[in-house]
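One structure is given below, encoded as structure tokens.
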Amino acid sequence: MNTDPIADYLTRVRNAIKANHRVVEIPASNLKKEITKVLFDKGYIANYKFDDDTVQGTIKIALKYHPVSKVSAIRTLTRVSKPGLRKYAGVDSMPRVLNGLGIAILSTSKGVMTDKEARLLNVGGEVLCYVY
């Protein structure tokens, strides 16, 4: 059993990037699927596919690299809110990642979204991770 599935998800993606893998497979959950959709919408990953073959299912993520320099689109993935210490942010205290160049992924009452979308909808929530 895994204590922090989101940290495991981020670590698998981080390790795949360091090993220059094209595709990474991750055990699925609804929250992980939503995080994957946000990463795809913001252009950090090339593609994704949800496989529901097993009971839990898997997420296959195609990582995005620069065609010439082979540098990954994701430079850093950082877990913010951990099971031992949850981090919440209101609309007024929403984090800005790299002064607006990166994104913070939040779990709000309106679903999983970026910090910019949460500011527009005027909702706060749990800060899951930073991506840049």
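Order determines the names: the first chain of the structure tokens is A, the second B, and so forth; residues in each chain are numbered 1 upward, and ligands are numbered 1 upward as they are shown.
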Identify, with DSSP run on backbone atoms, the residues in chain A assigned to helix (DSSP H, G or I), and express the list as a ChimeraX atom specification. /A:5-18,30-41,97-100,115-121
Prev. selection, N, CA, C and O atoms, output as a CSV table (one decimal), in the first residue's frame:
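Contents of result27.csv, as written:
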```csv
chain,number,residue,atom,x,y,z
A,5,PRO,N,-0.1,8.5,-3.0
A,5,PRO,CA,-0.2,8.1,-4.4
A,5,PRO,C,0.2,9.3,-5.4
A,5,PRO,O,0.8,9.0,-6.4
A,6,ILE,N,-0.1,10.5,-5.0
A,6,ILE,CA,0.3,11.6,-5.8
A,6,ILE,C,1.8,11.8,-5.9
A,6,ILE,O,2.3,12.1,-7.0
A,7,ALA,N,2.4,11.7,-4.8
A,7,ALA,CA,3.9,11.8,-4.8
A,7,ALA,C,4.5,10.7,-5.6
A,7,ALA,O,5.5,10.9,-6.3
A,8,ASP,N,3.9,9.5,-5.5
A,8,ASP,CA,4.4,8.3,-6.3
A,8,ASP,C,4.2,8.6,-7.8
A,8,ASP,O,5.1,8.4,-8.6
A,9,TYR,N,3.1,9.2,-8.2
A,9,TYR,CA,2.8,9.6,-9.6
A,9,TYR,C,3.9,10.6,-10.1
A,9,TYR,O,4.5,10.4,-11.1
A,10,LEU,N,4.1,11.7,-9.3
A,10,LEU,CA,5.1,12.7,-9.7
A,10,LEU,C,6.5,12.1,-9.7
A,10,LEU,O,7.3,12.4,-10.6
A,11,THR,N,6.8,11.2,-8.8
A,11,THR,CA,8.2,10.6,-8.8
A,11,THR,C,8.4,9.7,-10.0
A,11,THR,O,9.4,9.7,-10.7
A,12,ARG,N,7.3,8.9,-10.4
A,12,ARG,CA,7.4,8.1,-11.6
A,12,ARG,C,7.7,8.9,-12.9
A,12,ARG,O,8.5,8.6,-13.7
A,13,VAL,N,7.0,10.1,-13.0
A,13,VAL,CA,7.1,11.0,-14.1
A,13,VAL,C,8.5,11.6,-14.1
A,13,VAL,O,9.2,11.6,-15.1
A,14,ARG,N,9.0,12.0,-12.9
A,14,ARG,CA,10.3,12.6,-12.7
A,14,ARG,C,11.4,11.6,-13.1
A,14,ARG,O,12.3,12.0,-13.9
A,15,ASN,N,11.3,10.4,-12.7
A,15,ASN,CA,12.3,9.4,-13.0
A,15,ASN,C,12.3,9.0,-14.5
A,15,ASN,O,13.4,8.8,-15.0
A,16,ALA,N,11.1,9.0,-15.1
A,16,ALA,CA,11.1,8.7,-16.5
A,16,ALA,C,11.7,9.8,-17.3
A,16,ALA,O,12.4,9.5,-18.3
A,17,ILE,N,11.6,11.1,-16.9
A,17,ILE,CA,12.2,12.2,-17.6
A,17,ILE,C,13.7,12.1,-17.4
A,17,ILE,O,14.4,12.3,-18.4
A,18,LYS,N,14.2,11.8,-16.3
A,18,LYS,CA,15.6,11.7,-16.0
A,18,LYS,C,16.2,10.5,-16.8
A,18,LYS,O,17.4,10.6,-17.3
A,30,ASN,N,-8.8,8.5,-9.9
A,30,ASN,CA,-9.5,9.6,-10.5
A,30,ASN,C,-8.7,10.9,-10.4
A,30,ASN,O,-8.7,11.7,-11.3
A,31,LEU,N,-8.0,11.2,-9.2
A,31,LEU,CA,-7.3,12.4,-9.0
A,31,LEU,C,-6.1,12.4,-10.0
A,31,LEU,O,-5.7,13.4,-10.6
A,32,LYS,N,-5.4,11.3,-10.2
A,32,LYS,CA,-4.3,11.2,-11.1
A,32,LYS,C,-4.7,11.4,-12.5
A,32,LYS,O,-4.0,12.1,-13.3
A,33,LYS,N,-5.9,11.0,-12.9
A,33,LYS,CA,-6.4,11.2,-14.2
A,33,LYS,C,-6.6,12.7,-14.5
A,33,LYS,O,-6.3,13.2,-15.5
A,34,GLU,N,-7.2,13.4,-13.5
A,34,GLU,CA,-7.4,14.8,-13.6
A,34,GLU,C,-6.1,15.6,-13.7
A,34,GLU,O,-6.0,16.5,-14.4
A,35,ILE,N,-5.1,15.2,-12.9
A,35,ILE,CA,-3.8,15.9,-12.9
A,35,ILE,C,-3.2,15.7,-14.3
A,35,ILE,O,-2.6,16.6,-14.9
A,36,THR,N,-3.3,14.5,-14.9
A,36,THR,CA,-2.8,14.2,-16.2
A,36,THR,C,-3.5,15.1,-17.3
A,36,THR,O,-2.8,15.6,-18.2
A,37,LYS,N,-4.8,15.2,-17.2
A,37,LYS,CA,-5.5,16.1,-18.1
A,37,LYS,C,-5.0,17.5,-18.0
A,37,LYS,O,-4.9,18.2,-19.1
A,38,VAL,N,-4.8,18.0,-16.8
A,38,VAL,CA,-4.3,19.4,-16.6
A,38,VAL,C,-2.9,19.5,-17.3
A,38,VAL,O,-2.6,20.5,-18.0
A,39,LEU,N,-2.0,18.6,-17.0
A,39,LEU,CA,-0.7,18.6,-17.6
A,39,LEU,C,-0.7,18.6,-19.2
A,39,LEU,O,0.0,19.3,-19.8
A,40,PHE,N,-1.7,17.8,-19.7
A,40,PHE,CA,-1.8,17.8,-21.2
A,40,PHE,C,-2.4,19.1,-21.7
A,40,PHE,O,-1.9,19.6,-22.7
A,41,ASP,N,-3.4,19.6,-21.0
A,41,ASP,CA,-4.0,20.9,-21.5
A,41,ASP,C,-3.0,22.1,-21.5
A,41,ASP,O,-3.0,22.9,-22.3
A,97,VAL,N,3.9,30.5,-9.4
A,97,VAL,CA,5.1,29.6,-9.7
A,97,VAL,C,5.9,30.3,-10.7
A,97,VAL,O,5.4,30.6,-11.8
A,98,LEU,N,7.2,30.5,-10.4
A,98,LEU,CA,8.1,31.2,-11.3
A,98,LEU,C,7.6,32.5,-11.9
A,98,LEU,O,7.7,32.8,-13.0
A,99,ASN,N,6.9,33.2,-11.0
A,99,ASN,CA,6.3,34.5,-11.3
A,99,ASN,C,5.3,34.4,-12.5
A,99,ASN,O,5.3,35.3,-13.4
A,100,GLY,N,4.6,33.3,-12.5
A,100,GLY,CA,3.6,33.1,-13.6
A,100,GLY,C,4.0,32.2,-14.7
A,100,GLY,O,3.2,31.9,-15.6
A,115,ASP,N,-3.6,27.2,-10.9
A,115,ASP,CA,-3.8,28.4,-10.0
A,115,ASP,C,-4.5,29.5,-10.8
A,115,ASP,O,-5.3,30.2,-10.2
A,116,LYS,N,-4.2,29.7,-12.1
A,116,LYS,CA,-4.8,30.8,-12.9
A,116,LYS,C,-6.3,30.5,-13.0
A,116,LYS,O,-7.1,31.5,-12.9
A,117,GLU,N,-6.7,29.3,-13.3
A,117,GLU,CA,-8.1,29.0,-13.5
A,117,GLU,C,-8.8,29.2,-12.2
A,117,GLU,O,-10.0,29.6,-12.2
A,118,ALA,N,-8.2,28.8,-11.1
A,118,ALA,CA,-8.8,28.9,-9.7
A,118,ALA,C,-9.0,30.4,-9.4
A,118,ALA,O,-10.1,30.8,-8.8
A,119,ARG,N,-8.1,31.3,-9.8
A,119,ARG,CA,-8.2,32.7,-9.6
A,119,ARG,C,-9.4,33.3,-10.3
A,119,ARG,O,-10.1,34.1,-9.8
A,120,LEU,N,-9.5,32.8,-11.6
A,120,LEU,CA,-10.7,33.3,-12.4
A,120,LEU,C,-12.0,32.8,-11.9
A,120,LEU,O,-13.0,33.6,-11.9
A,121,LEU,N,-12.1,31.6,-11.4
A,121,LEU,CA,-13.3,31.1,-10.8
A,121,LEU,C,-13.5,31.5,-9.3
A,121,LEU,O,-14.6,31.2,-8.7
```
Nearest residue to Cys129 of chain A out of A:Lys110, A:Lys70, A:Arg86, A:Arg79, using only C-alpha atoms? A:Arg79
Got a sec to tell me which of chain A DSSP assigns to strand (DSSP E or B), as JSON, numbers by chain? {"A": [23, 24, 25, 26, 27, 45, 46, 47, 48, 49, 50, 51, 58, 59, 60, 61, 62, 63, 65, 72, 77, 78, 79, 88, 89, 103, 104, 105, 106, 107, 108, 111, 112, 113, 114, 125, 126, 127, 128, 129, 130, 131]}
Those selected residues, please, written with C-alpha atoms and delivered as an mmCIF file, in the first residue's frame.
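Below is the file selection-v7.cif, written as the result:
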```cif
data_model
loop_
_atom_site.group_PDB
_atom_site.id
_atom_site.type_symbol
_atom_site.label_atom_id
_atom_site.label_comp_id
_atom_site.auth_asym_id
_atom_site.auth_seq_id
_atom_site.Cartn_x
_atom_site.Cartn_y
_atom_site.Cartn_z
ATOM 1 C CA VAL A 23 6.276 6.664 -22.210
ATOM 2 C CA VAL A 24 5.618 6.086 -18.513
ATOM 3 C CA GLU A 25 2.935 3.792 -16.998
ATOM 4 C CA ILE A 26 1.290 4.749 -13.717
ATOM 5 C CA PRO A 27 -1.473 3.032 -11.681
ATOM 6 C CA ILE A 45 3.051 16.149 -21.807
ATOM 7 C CA ALA A 46 2.648 15.031 -25.434
ATOM 8 C CA ASN A 47 -0.267 12.601 -24.972
ATOM 9 C CA TYR A 48 -1.965 10.261 -22.512
ATOM 10 C CA LYS A 49 -4.156 7.168 -22.521
ATOM 11 C CA PHE A 50 -6.292 5.627 -19.790
ATOM 12 C CA ASP A 51 -6.253 1.793 -19.847
ATOM 13 C CA THR A 58 -3.268 2.372 -15.713
ATOM 14 C CA ILE A 59 -2.370 5.741 -17.165
ATOM 15 C CA LYS A 60 0.109 5.780 -20.049
ATOM 16 C CA ILE A 61 1.753 9.173 -20.440
ATOM 17 C CA ALA A 62 3.802 10.125 -23.510
ATOM 18 C CA LEU A 63 6.395 12.628 -22.313
ATOM 19 C CA TYR A 65 10.823 16.577 -25.320
ATOM 20 C CA SER A 72 11.973 17.787 -21.369
ATOM 21 C CA LEU A 77 7.753 18.636 -10.471
ATOM 22 C CA THR A 78 7.380 19.455 -6.788
ATOM 23 C CA ARG A 79 4.853 17.996 -4.342
ATOM 24 C CA TYR A 88 -4.343 25.022 1.386
ATOM 25 C CA ALA A 89 -4.535 28.348 -0.430
ATOM 26 C CA ILE A 103 1.679 26.292 -12.836
ATOM 27 C CA ALA A 104 0.408 25.178 -9.465
ATOM 28 C CA ILE A 105 -2.110 22.319 -9.653
ATOM 29 C CA LEU A 106 -4.917 22.700 -7.120
ATOM 30 C CA SER A 107 -7.697 20.410 -5.972
ATOM 31 C CA THR A 108 -10.728 22.653 -5.477
ATOM 32 C CA GLY A 111 -12.383 20.052 -9.579
ATOM 33 C CA VAL A 112 -8.646 19.850 -10.278
ATOM 34 C CA MET A 113 -7.294 22.970 -12.004
ATOM 35 C CA THR A 114 -4.359 25.337 -12.285
ATOM 36 C CA GLY A 125 -8.173 24.676 -2.482
ATOM 37 C CA GLU A 126 -5.420 22.227 -1.709
ATOM 38 C CA VAL A 127 -2.143 22.947 -3.546
ATOM 39 C CA LEU A 128 -1.145 19.530 -4.916
ATOM 40 C CA CYS A 129 2.063 20.360 -6.818
ATOM 41 C CA TYR A 130 4.139 22.897 -8.761
ATOM 42 C CA VAL A 131 5.098 22.256 -12.383
#
```
Within 10 Å of Gly43 of chain A, counting only C-alpha atoms, which residues show up once you throw out same-chain ones fewer than 6 positions away? Write them as a PDB file with all heavy atoms, in the first residue's frame, please.
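The result, written out as out.pdb:
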```
ATOM      1  N   LYS A  37      -4.794  15.247 -17.151  1.00  0.00           N
ATOM      2  CA  LYS A  37      -5.519  16.103 -18.094  1.00  0.00           C
ATOM      3  C   LYS A  37      -5.025  17.547 -18.025  1.00  0.00           C
ATOM      4  O   LYS A  37      -4.870  18.199 -19.055  1.00  0.00           O
ATOM      5  CB  LYS A  37      -7.025  16.055 -17.812  1.00  0.00           C
ATOM      6  CG  LYS A  37      -7.683  14.749 -18.216  1.00  0.00           C
ATOM      7  CD  LYS A  37      -9.147  14.735 -17.831  1.00  0.00           C
ATOM      8  CE  LYS A  37      -9.753  13.372 -18.055  1.00  0.00           C
ATOM      9  NZ  LYS A  37     -11.117  13.257 -17.488  1.00  0.00           N
ATOM     10  N   LYS A  64       6.932  14.777 -23.274  1.00  0.00           N
ATOM     11  CA  LYS A  64       7.247  15.726 -24.345  1.00  0.00           C
ATOM     12  C   LYS A  64       8.684  16.209 -24.199  1.00  0.00           C
ATOM     13  O   LYS A  64       9.089  16.642 -23.120  1.00  0.00           O
ATOM     14  CB  LYS A  64       6.287  16.908 -24.262  1.00  0.00           C
ATOM     15  CG  LYS A  64       6.339  17.857 -25.433  1.00  0.00           C
ATOM     16  CD  LYS A  64       5.461  19.053 -25.157  1.00  0.00           C
ATOM     17  CE  LYS A  64       4.475  19.256 -26.270  1.00  0.00           C
ATOM     18  NZ  LYS A  64       3.596  20.405 -26.016  1.00  0.00           N
ATOM     19  N   ALA A  73       9.888  19.024 -21.507  1.00  0.00           N
ATOM     20  CA  ALA A  73       9.009  20.181 -21.304  1.00  0.00           C
ATOM     21  C   ALA A  73       8.818  20.451 -19.813  1.00  0.00           C
ATOM     22  O   ALA A  73       8.631  21.587 -19.400  1.00  0.00           O
ATOM     23  CB  ALA A  73       7.661  19.944 -21.971  1.00  0.00           C
ATOM     24  N   ILE A  74       8.884  19.384 -19.003  1.00  0.00           N
ATOM     25  CA  ILE A  74       8.769  19.521 -17.544  1.00  0.00           C
ATOM     26  C   ILE A  74      10.173  19.637 -16.975  1.00  0.00           C
ATOM     27  O   ILE A  74      10.964  18.707 -17.078  1.00  0.00           O
ATOM     28  CB  ILE A  74       8.048  18.314 -16.918  1.00  0.00           C
ATOM     29  CG1 ILE A  74       6.629  18.188 -17.480  1.00  0.00           C
ATOM     30  CG2 ILE A  74       8.012  18.434 -15.398  1.00  0.00           C
ATOM     31  CD1 ILE A  74       5.913  16.927 -17.058  1.00  0.00           C
TER      32      ILE A  74
END
```
Mind giving me the straight-line distance from atom CA of Tyr44 of chain A to atom CA of Val80 of chain A in Å, one decimal?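 Interatomic distance here is 18.4 Å.
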Take atom CA of Thr76 of chain A and atom CA of Pro95 of chain A and report the distance between them in Å, one decimal.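 These two atoms are separated by 15.8 Å.
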Atom CA of Asp4 of chain A to atom CA of Ala28 of chain A measures 13.3 Å
